[in-house]
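Novice: To start, I am sharing the structure in question, which I have written as structure tokens.
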Amino acid sequence: MEREWARSKRGGWLAGALLSAAALASPTGALAQQASPVGQFNDQTQPRTDPAIAAKPADPVRVGPLAPWATDMAARGLSFDVNIYNFYQANPSAGLRTGEQSNSTYFVLSMSADMQRLAGIAGGTIKFTQTFFGNVRNLNMAADIGDTTVGYQPPYNPNSNRLSLLTYQQKLLDDRLVVEVGRTHPDRYYGLPPCNSINSCFQDLFYINAGFTSPLYAVWGANAAYQLSPTTYIQAGAFSVNPGTNALSGYDFGYERLSGALVMTEIGTKTDYSMTAYPGRASLTGFFNTADHDDNLKTVFGTSKGLNPGAPVLQKSGTSGLVLTGTQTVWRADGGLTANPHPTALSLYTGTGYSFDPTVPIRFNSFVGLLLQAPDQSRPNDTYGLKMNWQRLSENYTQFLADANFISGGTGAPYARDKFVFEANAHFDLGAGVIVEPVVQYVVNPNSFWNPFTARRAKDGFYAGATLVVPLGTLLGLAPG
């Protein structure tokens, strides 16, 4: 029962967040953002923040066996890339079933078509990304751990591949206005991660309360972003809410069940080392999901369908919340007196969200962290980080978890509303663009969110994981280094 529940519920949950929006927003974005200062991801959808807004970048240089062909194709308007992400995770002492391991590999193939070169449409781009899943071991990891936040727990992927992006993007007004529409995902634009660890830098309010699917599982959407100044932007978008989207391939347009719309807005500011000695970024994101969801104020003992099979699942229409995301460089070894684009520096970051709706599972979630960049100037892209995450569940959802545990043969003891995750992470550049990111976490008061109907009780303990990123397209010469 535990395994089947986890499989049915995992479609499109927060795990995909770890392949963050910025990492997949453009064919080469995944590798470019890894070396960026303060872990600031070089998203390609939000307007550019440098003063030369309309400046055209120089033609990139490609090196590798396919470089001559790729350079010729790029001159004609077609660019290609391939990135590989491998996620390994283990819970030696944390969660519901300890001592488990899991692995999954994502092969992300991307193409972009420059419509100015192909059809004379200035500022137009068609984007396409397809993801293939391989080397998958233990898709039940979410049920093994259970907790809402701990580590990377991969989504259940019943298909071997998935359409991840198919959009038309148009830049207008000297690139100050960027409009994108098609099959996309809200986390390509909103609340971009402020940390430098794909494995663990995500905001639960987006993936559990707002209803994000996994980022590699595209939904219908449209977004418009406008640059108010070289450092400030605003944006708004709407995205379809598709229950059970992980069971589809992304191409079955006529078979999707659309239950509502997710409306997003954001205002933000961002700088980098080319603009200031102590850069930072901040964004305030609001969301409203119009779809119905389980009403956890009423889903208590004797009323929820799981606890009383004859009772209907009580629903509530719509939910909303706010998320503040930010990072700021606070110290530099050189005192900010040099023009080093990768100085040895410390930055503070946070992602803090609050739900206005007491019927959803998470009422408050906040992580704060410290990032040491380029501790060794001979390795300018390496980072070390420490982070703490504090999450508060809604009162009635903790009651639901206790009730579900009781009827499954457990003690039914109350679950704590407040949970804490303490983390150490690192980001190592191994050369040629290959990256490995280890992470270790210790969780206090974990919950059984992804596997509530079990007699087991979630245990405090350790989680360990690692992400390997291989820029295969760059190594082959498809994409610039």
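Every chain in the structure tokens takes a letter, A first, then B, and so on in the order presented; its residues are numbered from 1, and the ligands are numbered from 1 following the presented order.
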Please provide as a VMD selection string all residues within 7 Å of Phe367 in chain A, with the sequence filter that same-chain residues fewer than 5 positions apart are discarded (counting only C-alpha atoms).

Specialist: chain A and resid 350 to 352 387 to 390

Novice: Between CA of Ala277 in chain A and CA of Pro230 in chain A, what distance in Å does the model show, to one decimal?

Specialist: 16.0 Å

Novice: I need the helix (DSSP H, G or I) residues of range 187-293 of chain A per DSSP on the backbone, written as a list in words.

Specialist: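 Answer for range 187-293 of chain A, restricted to helix (DSSP H, G or I): Asp187, Arg188, Asp204, Leu205, Phe206, Tyr207, Ile208, Asn209, Thr245, Asn246, Ala247, Phe253, Gly254 and Tyr255 of chain A.
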
Novice: Would you mind telling me which residue in A:Leu472, A:Leu139, A:Leu258, A:Val150 lies nearest to Phe202 in chain A when using only C-alpha atoms?

Specialist: A:Val150

Novice: Name the residues in contact with Tyr278 in chain A at a cut-off of 10 Å, using only C-alpha atoms, excluding same-chain residues fewer than 4 positions from it; report them as a CSV table (one decimal) with all heavy atoms, in the first residue's frame.

Specialist:
chain,number,residue,atom,x,y,z
A,38,VAL,N,27.9,34.3,-6.9
A,38,VAL,CA,26.9,34.3,-5.8
A,38,VAL,C,25.8,33.2,-6.2
A,38,VAL,O,24.7,33.2,-5.7
A,38,VAL,CB,26.1,35.6,-5.7
A,38,VAL,CG1,25.5,35.7,-4.3
A,38,VAL,CG2,27.1,36.8,-5.8
A,271,THR,N,22.1,42.0,-9.7
A,271,THR,CA,23.4,42.6,-10.2
A,271,THR,C,24.4,41.5,-10.2
A,271,THR,O,24.2,40.4,-9.6
A,271,THR,CB,23.9,43.7,-9.2
A,271,THR,OG1,24.0,43.3,-7.9
A,271,THR,CG2,22.9,44.9,-9.3
A,272,ASP,N,25.6,41.8,-10.8
A,272,ASP,CA,26.7,40.8,-10.8
A,272,ASP,C,28.0,41.6,-10.7
A,272,ASP,O,28.0,42.8,-10.5
A,272,ASP,CB,26.7,40.0,-12.1
A,272,ASP,CG,26.7,40.8,-13.4
A,272,ASP,OD1,27.4,41.9,-13.4
A,272,ASP,OD2,26.1,40.4,-14.4
A,273,TYR,N,29.1,40.8,-10.7
A,273,TYR,CA,30.4,41.4,-10.4
A,273,TYR,C,30.8,42.4,-11.5
A,273,TYR,O,31.8,43.2,-11.3
A,273,TYR,CB,31.4,40.4,-10.2
A,273,TYR,CG,31.4,39.7,-8.9
A,273,TYR,CD1,31.1,38.3,-8.8
A,273,TYR,CD2,31.5,40.4,-7.7
A,273,TYR,CE1,31.1,37.7,-7.6
A,273,TYR,CE2,31.5,39.7,-6.5
A,273,TYR,CZ,31.2,38.4,-6.4
A,273,TYR,OH,31.2,37.7,-5.2
A,274,SER,N,30.2,42.4,-12.6
A,274,SER,CA,30.5,43.4,-13.7
A,274,SER,C,29.9,44.8,-13.4
A,274,SER,O,30.2,45.8,-14.0
A,274,SER,CB,30.1,42.9,-15.0
A,274,SER,OG,28.7,42.9,-15.1
A,328,GLN,N,23.0,37.9,-1.2
A,328,GLN,CA,23.8,39.1,-1.2
A,328,GLN,C,25.3,38.8,-0.8
A,328,GLN,O,25.5,38.1,0.2
A,328,GLN,CB,23.3,40.1,-0.2
A,328,GLN,CG,24.0,41.4,0.0
A,328,GLN,CD,24.1,42.2,-1.3
A,328,GLN,OE1,23.1,42.5,-1.9
A,328,GLN,NE2,25.3,42.6,-1.6
A,329,THR,N,26.2,39.3,-1.6
A,329,THR,CA,27.6,39.2,-1.2
A,329,THR,C,27.9,40.1,-0.1
A,329,THR,O,27.6,41.3,-0.1
A,329,THR,CB,28.5,39.5,-2.4
A,329,THR,OG1,28.2,38.6,-3.5
A,329,THR,CG2,30.0,39.4,-2.1
A,330,VAL,N,28.5,39.5,1.0
A,330,VAL,CA,28.8,40.4,2.2
A,330,VAL,C,30.3,40.5,2.5
A,330,VAL,O,30.6,41.3,3.4
A,330,VAL,CB,28.0,39.7,3.4
A,330,VAL,CG1,26.5,39.8,3.2
A,330,VAL,CG2,28.5,38.3,3.7
A,331,TRP,N,31.1,39.7,1.9
A,331,TRP,CA,32.6,39.8,2.2
A,331,TRP,C,33.4,39.4,0.9
A,331,TRP,O,33.0,38.5,0.2
A,331,TRP,CB,32.9,39.0,3.4
A,331,TRP,CG,34.4,38.9,3.7
A,331,TRP,CD1,35.1,39.8,4.4
A,331,TRP,CD2,35.3,37.9,3.2
A,331,TRP,NE1,36.5,39.4,4.4
A,331,TRP,CE2,36.6,38.2,3.7
A,331,TRP,CE3,35.1,36.7,2.5
A,331,TRP,CZ2,37.7,37.4,3.5
A,331,TRP,CZ3,36.2,35.9,2.2
A,331,TRP,CH2,37.5,36.2,2.7
A,332,ARG,N,34.5,40.1,0.7
A,332,ARG,CA,35.4,39.7,-0.3
A,332,ARG,C,36.8,39.7,0.2
A,332,ARG,O,37.2,40.7,1.0
A,332,ARG,CB,35.3,40.6,-1.6
A,332,ARG,CG,34.1,40.4,-2.4
A,332,ARG,CD,34.0,41.4,-3.5
A,332,ARG,NE,35.2,41.3,-4.4
A,332,ARG,CZ,35.2,41.8,-5.6
A,332,ARG,NH1,34.1,42.3,-6.2
A,332,ARG,NH2,36.3,41.7,-6.3
A,335,GLY,N,38.6,42.8,-0.7
A,335,GLY,CA,38.0,44.1,-0.2
A,335,GLY,C,37.2,44.8,-1.3
A,335,GLY,O,36.8,45.9,-1.2
A,336,GLY,N,37.0,44.1,-2.4
A,336,GLY,CA,36.3,44.7,-3.6
A,336,GLY,C,37.1,45.6,-4.4
A,336,GLY,O,36.5,46.4,-5.1
A,345,ALA,N,34.9,35.0,-1.9
A,345,ALA,CA,33.8,35.9,-1.3
A,345,ALA,C,32.8,35.0,-0.5
A,345,ALA,O,32.7,33.8,-0.7
A,345,ALA,CB,33.1,36.6,-2.4
A,346,LEU,N,32.1,35.7,0.4
A,346,LEU,CA,31.0,35.1,1.2
A,346,LEU,C,29.7,35.7,0.8
A,346,LEU,O,29.7,37.0,0.6
A,346,LEU,CB,31.2,35.2,2.7
A,346,LEU,CG,32.2,34.3,3.4
A,346,LEU,CD1,32.4,34.7,4.8
A,346,LEU,CD2,31.7,32.8,3.3
A,347,SER,N,28.7,35.0,0.6
A,347,SER,CA,27.3,35.5,0.4
A,347,SER,C,26.3,34.8,1.3
A,347,SER,O,26.5,33.7,1.6
A,347,SER,CB,26.9,35.4,-1.1
A,347,SER,OG,26.8,34.0,-1.4

Novice: Apply DSSP to the backbone of this structure and, from range 27-264 of chain A, keep only the residues in strand (DSSP E or B); write these as a short mmCIF file (atom, residue, chain, number, x, y, z; two decimals) with N, CA, C and O atoms, in the first residue's frame.

Specialist:
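Okay, this is what ended up in out-v9.cif:
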data_model
loop_
_atom_site.label_atom_id
_atom_site.label_comp_id
_atom_site.auth_asym_id
_atom_site.auth_seq_id
_atom_site.Cartn_x
_atom_site.Cartn_y
_atom_site.Cartn_z
N LEU A 78 20.37 27.39 -36.26
CA LEU A 78 20.02 26.25 -35.41
C LEU A 78 21.17 25.92 -34.45
O LEU A 78 22.30 25.72 -34.89
N SER A 79 20.86 25.87 -33.15
CA SER A 79 21.86 25.54 -32.13
C SER A 79 21.40 24.33 -31.34
O SER A 79 20.20 24.14 -31.11
N PHE A 80 22.36 23.51 -30.92
CA PHE A 80 22.04 22.25 -30.24
C PHE A 80 22.88 22.11 -28.97
O PHE A 80 23.95 22.70 -28.84
N ASP A 81 22.38 21.29 -28.03
CA ASP A 81 23.14 21.01 -26.82
C ASP A 81 22.63 19.71 -26.19
O ASP A 81 21.47 19.30 -26.42
N VAL A 82 23.50 19.07 -25.42
CA VAL A 82 23.15 17.87 -24.64
C VAL A 82 23.80 17.99 -23.28
O VAL A 82 25.01 18.23 -23.18
N ASN A 83 23.01 17.87 -22.22
CA ASN A 83 23.54 17.87 -20.86
C ASN A 83 23.06 16.62 -20.13
O ASN A 83 21.92 16.18 -20.33
N ILE A 84 23.92 16.06 -19.30
CA ILE A 84 23.59 14.85 -18.53
C ILE A 84 23.64 15.19 -17.05
O ILE A 84 24.62 15.78 -16.57
N TYR A 85 22.59 14.82 -16.34
CA TYR A 85 22.51 15.02 -14.90
C TYR A 85 22.31 13.66 -14.23
O TYR A 85 21.33 12.97 -14.53
N ASN A 86 23.21 13.30 -13.33
CA ASN A 86 23.02 12.04 -12.59
C ASN A 86 22.86 12.36 -11.11
O ASN A 86 23.68 13.04 -10.50
N PHE A 87 21.78 11.84 -10.53
CA PHE A 87 21.47 12.07 -9.12
C PHE A 87 21.58 10.76 -8.34
O PHE A 87 20.92 9.78 -8.68
N TYR A 88 22.40 10.79 -7.30
CA TYR A 88 22.49 9.66 -6.38
C TYR A 88 22.06 10.14 -5.01
O TYR A 88 22.37 11.27 -4.60
N GLN A 89 21.33 9.30 -4.27
CA GLN A 89 20.88 9.68 -2.95
C GLN A 89 20.75 8.46 -2.04
O GLN A 89 20.53 7.35 -2.52
N ALA A 90 20.91 8.69 -0.76
CA ALA A 90 20.81 7.61 0.23
C ALA A 90 20.31 8.20 1.55
O ALA A 90 20.57 9.37 1.85
N ASN A 91 19.59 7.38 2.31
CA ASN A 91 19.12 7.82 3.63
C ASN A 91 19.60 6.82 4.69
O ASN A 91 18.85 5.97 5.14
N GLY A 95 14.22 9.07 7.89
CA GLY A 95 13.02 8.73 7.14
C GLY A 95 12.27 7.53 7.67
O GLY A 95 12.40 7.12 8.82
N GLU A 100 18.28 3.01 2.46
CA GLU A 100 17.94 2.83 1.05
C GLU A 100 18.83 3.72 0.19
O GLU A 100 19.43 4.69 0.65
N GLN A 101 18.92 3.36 -1.10
CA GLN A 101 19.68 4.15 -2.06
C GLN A 101 18.86 4.31 -3.34
O GLN A 101 17.98 3.49 -3.63
N SER A 102 19.17 5.34 -4.08
CA SER A 102 18.45 5.60 -5.33
C SER A 102 19.36 6.31 -6.31
O SER A 102 20.32 6.99 -5.92
N ASN A 103 19.10 6.12 -7.60
CA ASN A 103 19.87 6.80 -8.64
C ASN A 103 18.97 7.06 -9.85
O ASN A 103 18.06 6.29 -10.14
N SER A 104 19.24 8.15 -10.52
CA SER A 104 18.53 8.44 -11.77
C SER A 104 19.40 9.35 -12.63
O SER A 104 20.11 10.22 -12.11
N THR A 105 19.36 9.13 -13.93
CA THR A 105 20.13 9.93 -14.88
C THR A 105 19.18 10.57 -15.88
O THR A 105 18.30 9.90 -16.42
N TYR A 106 19.38 11.85 -16.10
CA TYR A 106 18.56 12.60 -17.06
C TYR A 106 19.46 13.03 -18.22
O TYR A 106 20.48 13.69 -18.01
N PHE A 107 19.06 12.67 -19.44
CA PHE A 107 19.74 13.10 -20.65
C PHE A 107 18.88 14.20 -21.27
O PHE A 107 17.79 13.92 -21.79
N VAL A 108 19.37 15.43 -21.21
CA VAL A 108 18.58 16.59 -21.63
C VAL A 108 19.10 17.10 -22.96
O VAL A 108 20.21 17.64 -23.06
N LEU A 109 18.31 16.92 -24.02
CA LEU A 109 18.68 17.32 -25.38
C LEU A 109 17.91 18.58 -25.75
O LEU A 109 16.68 18.63 -25.62
N SER A 110 18.63 19.59 -26.22
CA SER A 110 18.02 20.89 -26.49
C SER A 110 18.36 21.39 -27.89
O SER A 110 19.42 21.06 -28.44
N MET A 111 17.45 22.19 -28.42
CA MET A 111 17.66 22.85 -29.71
C MET A 111 16.99 24.22 -29.65
O MET A 111 15.93 24.37 -29.04
N SER A 112 17.60 25.20 -30.27
CA SER A 112 16.96 26.51 -30.42
C SER A 112 17.09 26.96 -31.87
O SER A 112 18.09 26.68 -32.54
N ALA A 113 16.08 27.65 -32.33
CA ALA A 113 16.04 28.14 -33.71
C ALA A 113 15.95 29.66 -33.69
O ALA A 113 14.98 30.23 -33.16
N ASP A 114 16.97 30.32 -34.22
CA ASP A 114 17.03 31.78 -34.29
C ASP A 114 16.17 32.22 -35.48
O ASP A 114 16.56 32.06 -36.64
N GLY A 124 13.13 36.74 -32.38
CA GLY A 124 12.31 35.54 -32.23
C GLY A 124 13.15 34.29 -32.09
O GLY A 124 14.17 34.13 -32.77
N THR A 125 12.73 33.38 -31.21
CA THR A 125 13.44 32.12 -31.00
C THR A 125 12.43 31.01 -30.71
O THR A 125 11.51 31.20 -29.92
N ILE A 126 12.62 29.87 -31.34
CA ILE A 126 11.87 28.67 -31.00
C ILE A 126 12.79 27.78 -30.16
O ILE A 126 13.92 27.51 -30.54
N LYS A 127 12.28 27.33 -29.00
CA LYS A 127 13.07 26.51 -28.09
C LYS A 127 12.43 25.12 -27.96
O LYS A 127 11.21 25.00 -27.88
N PHE A 128 13.29 24.12 -27.93
CA PHE A 128 12.80 22.74 -27.79
C PHE A 128 13.77 21.96 -26.90
O PHE A 128 14.99 22.03 -27.07
N THR A 129 13.23 21.23 -25.92
CA THR A 129 14.03 20.37 -25.06
C THR A 129 13.30 19.06 -24.83
O THR A 129 12.10 19.06 -24.50
N GLN A 130 13.99 17.95 -25.00
CA GLN A 130 13.47 16.60 -24.76
C GLN A 130 14.36 15.94 -23.72
O GLN A 130 15.59 16.01 -23.81
N THR A 131 13.75 15.27 -22.74
CA THR A 131 14.51 14.60 -21.69
C THR A 131 14.30 13.10 -21.75
O THR A 131 13.16 12.64 -21.90
N PHE A 132 15.39 12.35 -21.64
CA PHE A 132 15.35 10.90 -21.58
C PHE A 132 15.83 10.45 -20.20
O PHE A 132 16.81 11.00 -19.67
N PHE A 133 15.15 9.48 -19.62
CA PHE A 133 15.47 9.00 -18.28
C PHE A 133 16.15 7.63 -18.39
O PHE A 133 15.68 6.74 -19.09
N GLY A 134 17.26 7.48 -17.67
CA GLY A 134 17.98 6.21 -17.70
C GLY A 134 18.69 5.95 -16.39
O GLY A 134 18.72 6.80 -15.49
N ASN A 135 19.26 4.75 -16.28
CA ASN A 135 20.03 4.37 -15.09
C ASN A 135 19.23 4.62 -13.82
O ASN A 135 19.74 5.14 -12.83
N VAL A 136 17.95 4.26 -13.87
CA VAL A 136 17.04 4.54 -12.76
C VAL A 136 17.02 3.36 -11.80
O VAL A 136 16.80 2.21 -12.19
N ARG A 137 17.26 3.65 -10.52
CA ARG A 137 17.22 2.64 -9.46
C ARG A 137 16.38 3.16 -8.31
O ARG A 137 16.61 4.26 -7.81
N ASN A 161 10.89 8.92 -21.71
CA ASN A 161 11.27 10.25 -22.17
C ASN A 161 10.10 11.20 -21.99
O ASN A 161 8.96 10.77 -21.80
N ARG A 162 10.39 12.49 -22.08
CA ARG A 162 9.38 13.49 -21.80
C ARG A 162 9.69 14.79 -22.54
O ARG A 162 10.84 15.24 -22.57
N LEU A 163 8.67 15.40 -23.15
CA LEU A 163 8.81 16.73 -23.71
C LEU A 163 8.97 17.72 -22.56
O LEU A 163 8.12 17.81 -21.68
N SER A 164 10.08 18.46 -22.56
CA SER A 164 10.36 19.37 -21.46
C SER A 164 10.20 20.84 -21.82
O SER A 164 10.03 21.67 -20.93
N LEU A 165 10.27 21.19 -23.09
CA LEU A 165 10.14 22.58 -23.50
C LEU A 165 9.84 22.64 -24.99
O LEU A 165 10.50 21.99 -25.79
N LEU A 166 8.84 23.42 -25.35
CA LEU A 166 8.53 23.71 -26.75
C LEU A 166 7.82 25.06 -26.78
O LEU A 166 6.61 25.14 -26.58
N THR A 167 8.60 26.13 -26.97
CA THR A 167 8.04 27.47 -26.87
C THR A 167 8.51 28.36 -28.00
O THR A 167 9.51 28.10 -28.66
N TYR A 168 7.77 29.45 -28.17
CA TYR A 168 8.21 30.55 -29.02
C TYR A 168 8.48 31.74 -28.11
O TYR A 168 7.62 32.14 -27.32
N GLN A 169 9.70 32.29 -28.22
CA GLN A 169 10.08 33.46 -27.42
C GLN A 169 10.29 34.65 -28.35
O GLN A 169 10.92 34.53 -29.40
N GLN A 170 9.77 35.81 -27.93
CA GLN A 170 9.93 37.03 -28.71
C GLN A 170 10.47 38.14 -27.82
O GLN A 170 9.90 38.43 -26.77
N LYS A 171 11.59 38.74 -28.23
CA LYS A 171 12.14 39.89 -27.52
C LYS A 171 11.77 41.15 -28.28
O LYS A 171 11.87 41.21 -29.51
N LEU A 172 11.35 42.17 -27.53
CA LEU A 172 10.88 43.42 -28.11
C LEU A 172 11.48 44.60 -27.35
O LEU A 172 12.05 44.43 -26.27
N LEU A 177 11.62 43.78 -23.27
CA LEU A 177 10.42 42.97 -23.08
C LEU A 177 10.65 41.59 -23.67
O LEU A 177 11.06 41.47 -24.83
N VAL A 178 10.41 40.55 -22.88
CA VAL A 178 10.57 39.17 -23.33
C VAL A 178 9.25 38.44 -23.10
O VAL A 178 8.77 38.36 -21.97
N VAL A 179 8.69 37.88 -24.17
CA VAL A 179 7.44 37.14 -24.10
C VAL A 179 7.70 35.72 -24.57
O VAL A 179 8.36 35.50 -25.60
N GLU A 180 7.21 34.73 -23.82
CA GLU A 180 7.40 33.33 -24.19
C GLU A 180 6.09 32.58 -23.98
O GLU A 180 5.42 32.76 -22.97
N VAL A 181 5.75 31.71 -24.93
CA VAL A 181 4.48 30.98 -24.86
C VAL A 181 4.67 29.59 -25.45
O VAL A 181 5.45 29.38 -26.38
N GLY A 182 3.97 28.62 -24.88
CA GLY A 182 4.04 27.24 -25.38
C GLY A 182 4.05 26.25 -24.25
O GLY A 182 3.44 26.46 -23.19
N ARG A 183 4.75 25.14 -24.47
CA ARG A 183 4.90 24.13 -23.43
C ARG A 183 6.14 24.47 -22.62
O ARG A 183 7.27 24.37 -23.10
N THR A 184 5.93 24.88 -21.38
CA THR A 184 7.04 25.39 -20.57
C THR A 184 6.76 25.07 -19.11
O THR A 184 5.99 24.16 -18.80
N VAL A 219 4.15 22.11 -19.08
CA VAL A 219 2.72 22.38 -19.12
C VAL A 219 2.50 23.57 -20.05
O VAL A 219 3.43 24.26 -20.44
N TRP A 220 1.24 23.81 -20.42
CA TRP A 220 0.94 24.98 -21.23
C TRP A 220 1.19 26.23 -20.38
O TRP A 220 0.83 26.29 -19.21
N GLY A 221 1.80 27.24 -20.99
CA GLY A 221 2.06 28.45 -20.23
C GLY A 221 2.47 29.61 -21.10
O GLY A 221 2.84 29.45 -22.27
N ALA A 222 2.37 30.80 -20.51
CA ALA A 222 2.82 32.03 -21.17
C ALA A 222 3.40 32.95 -20.11
O ALA A 222 2.88 33.02 -18.99
N ASN A 223 4.47 33.64 -20.47
CA ASN A 223 5.12 34.54 -19.52
C ASN A 223 5.60 35.79 -20.24
O ASN A 223 6.06 35.73 -21.38
N ALA A 224 5.51 36.93 -19.55
CA ALA A 224 6.01 38.19 -20.08
C ALA A 224 6.84 38.87 -19.01
O ALA A 224 6.39 39.02 -17.86
N ALA A 225 8.07 39.26 -19.35
CA ALA A 225 8.97 39.93 -18.42
C ALA A 225 9.43 41.25 -19.04
O ALA A 225 9.76 41.31 -20.22
N TYR A 226 9.47 42.28 -18.20
CA TYR A 226 9.87 43.61 -18.69
C TYR A 226 10.95 44.18 -17.79
O TYR A 226 10.83 44.17 -16.56
N GLN A 227 12.02 44.69 -18.40
CA GLN A 227 13.13 45.26 -17.67
C GLN A 227 12.89 46.74 -17.44
O GLN A 227 12.88 47.55 -18.37
N THR A 232 16.52 46.01 -12.59
CA THR A 232 15.19 45.72 -12.04
C THR A 232 14.24 45.23 -13.14
O THR A 232 14.25 45.74 -14.26
N TYR A 233 13.41 44.24 -12.81
CA TYR A 233 12.46 43.68 -13.77
C TYR A 233 11.15 43.36 -13.07
O TYR A 233 11.07 43.23 -11.84
N ILE A 234 10.10 43.23 -13.87
CA ILE A 234 8.82 42.72 -13.41
C ILE A 234 8.37 41.66 -14.41
O ILE A 234 8.77 41.68 -15.58
N GLN A 235 7.55 40.71 -13.96
CA GLN A 235 7.04 39.71 -14.89
C GLN A 235 5.74 39.13 -14.35
O GLN A 235 5.43 39.21 -13.16
N ALA A 236 4.98 38.55 -15.28
CA ALA A 236 3.72 37.89 -14.94
C ALA A 236 3.49 36.76 -15.93
O ALA A 236 3.93 36.83 -17.09
N GLY A 237 2.81 35.71 -15.47
CA GLY A 237 2.56 34.57 -16.34
C GLY A 237 1.42 33.73 -15.84
O GLY A 237 0.96 33.88 -14.70
N ALA A 238 0.95 32.84 -16.69
CA ALA A 238 -0.12 31.90 -16.33
C ALA A 238 0.24 30.54 -16.92
O ALA A 238 0.73 30.45 -18.06
N PHE A 239 -0.03 29.48 -16.14
CA PHE A 239 0.37 28.13 -16.52
C PHE A 239 -0.74 27.15 -16.16
O PHE A 239 -1.42 27.31 -15.14
N SER A 240 -0.92 26.15 -17.00
CA SER A 240 -1.99 25.19 -16.77
C SER A 240 -1.65 24.28 -15.59
O SER A 240 -0.48 23.98 -15.34
N VAL A 241 -2.67 23.84 -14.88
CA VAL A 241 -2.52 22.87 -13.79
C VAL A 241 -3.01 21.54 -14.32
O VAL A 241 -4.18 21.38 -14.65
N GLY A 260 -7.18 23.70 -13.74
CA GLY A 260 -7.14 25.10 -13.34
C GLY A 260 -5.93 25.80 -13.93
O GLY A 260 -5.27 25.28 -14.84
N ALA A 261 -5.64 26.97 -13.40
CA ALA A 261 -4.50 27.76 -13.88
C ALA A 261 -3.70 28.26 -12.68
O ALA A 261 -4.26 28.58 -11.62
N LEU A 262 -2.39 28.34 -12.87
CA LEU A 262 -1.49 28.90 -11.87
C LEU A 262 -1.03 30.26 -12.38
O LEU A 262 -0.37 30.35 -13.41
N VAL A 263 -1.41 31.31 -11.66
CA VAL A 263 -1.05 32.68 -12.05
C VAL A 263 0.11 33.13 -11.17
O VAL A 263 0.07 33.01 -9.94
N MET A 264 1.17 33.65 -11.81
CA MET A 264 2.38 34.05 -11.10
C MET A 264 2.73 35.50 -11.43
O MET A 264 2.54 35.95 -12.57
#

Novice: Give me, as a ChimeraX atom specification, all polymer residues having an atom no more than 8 Å from Gly286 in chain A, counting only C-alpha atoms and skipping those fewer than 4 positions away in the same chain.

Specialist: /A:264-266,320-323

Novice: Under the rule that only C-alpha atoms are counted, which of A:Gly280, A:Gly120, A:Pro243, A:Gly477 is the nearest residue to Val63 in chain A?

Specialist: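 Nearest candidate to Val63 in chain A out of A:Gly280, A:Gly120, A:Pro243, A:Gly477: A:Gly477.
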
Novice: List the neighbours of Ala458 in chain A out to 6 Å using only C-alpha atoms; skip same-chain residues closer than 3 positions along the sequence, and give me the result as a PDB file with all heavy atoms, in the first residue's frame.

Specialist:
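This is the output file selection-v4.pdb:
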ATOM      1  N   GLY A  95      14.222   9.071   7.889  1.00  0.00           N
ATOM      2  CA  GLY A  95      13.025   8.734   7.144  1.00  0.00           C
ATOM      3  C   GLY A  95      12.269   7.534   7.666  1.00  0.00           C
ATOM      4  O   GLY A  95      12.397   7.119   8.822  1.00  0.00           O
ATOM      5  N   LEU A  96      11.468   6.928   6.784  1.00  0.00           N
ATOM      6  CA  LEU A  96      10.578   5.833   7.149  1.00  0.00           C
ATOM      7  C   LEU A  96      11.240   4.468   6.993  1.00  0.00           C
ATOM      8  O   LEU A  96      11.076   3.584   7.823  1.00  0.00           O
ATOM      9  CB  LEU A  96       9.315   5.890   6.284  1.00  0.00           C
ATOM     10  CG  LEU A  96       8.446   7.127   6.498  1.00  0.00           C
ATOM     11  CD1 LEU A  96       7.384   7.226   5.408  1.00  0.00           C
ATOM     12  CD2 LEU A  96       7.784   7.095   7.869  1.00  0.00           C
ATOM     13  N   PRO A 446      11.235  14.965  11.009  1.00  0.00           N
ATOM     14  CA  PRO A 446      10.741  14.746   9.644  1.00  0.00           C
ATOM     15  C   PRO A 446       9.289  14.295   9.666  1.00  0.00           C
ATOM     16  O   PRO A 446       8.782  13.823  10.698  1.00  0.00           O
ATOM     17  CB  PRO A 446      11.652  13.644   9.118  1.00  0.00           C
ATOM     18  CG  PRO A 446      12.054  12.885  10.334  1.00  0.00           C
ATOM     19  CD  PRO A 446      12.198  13.925  11.419  1.00  0.00           C
ATOM     20  N   ASN A 447       8.622  14.416   8.512  1.00  0.00           N
ATOM     21  CA  ASN A 447       7.226  13.996   8.411  1.00  0.00           C
ATOM     22  C   ASN A 447       7.090  12.861   7.403  1.00  0.00           C
ATOM     23  O   ASN A 447       8.072  12.425   6.797  1.00  0.00           O
ATOM     24  CB  ASN A 447       6.326  15.182   8.046  1.00  0.00           C
ATOM     25  CG  ASN A 447       6.768  15.863   6.757  1.00  0.00           C
ATOM     26  OD1 ASN A 447       6.772  15.259   5.689  1.00  0.00           O
ATOM     27  ND2 ASN A 447       7.154  17.142   6.853  1.00  0.00           N
TER      28      ASN A 447
END

Novice: Name all residues at most 8 Å from Asp418 in chain A (count only C-alpha atoms; drop same-chain ones fewer than 4 positions away) and give them as JSON, numbers by chain.

Specialist: {"A": [390, 391, 392, 393, 445]}

Novice: CA of Ile407 in chain A and CA of Phe449 in chain A are how many Å apart?

Specialist: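 According to the coordinates, CA of Ile407 in chain A and CA of Phe449 in chain A are separated by 15.6 Å.
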
Novice: Could you check which of A:Ala70, A:Pro341, A:Leu401, A:Ala374 is closest to Arg417 in chain A, using only C-alpha atoms?

Specialist: A:Leu401
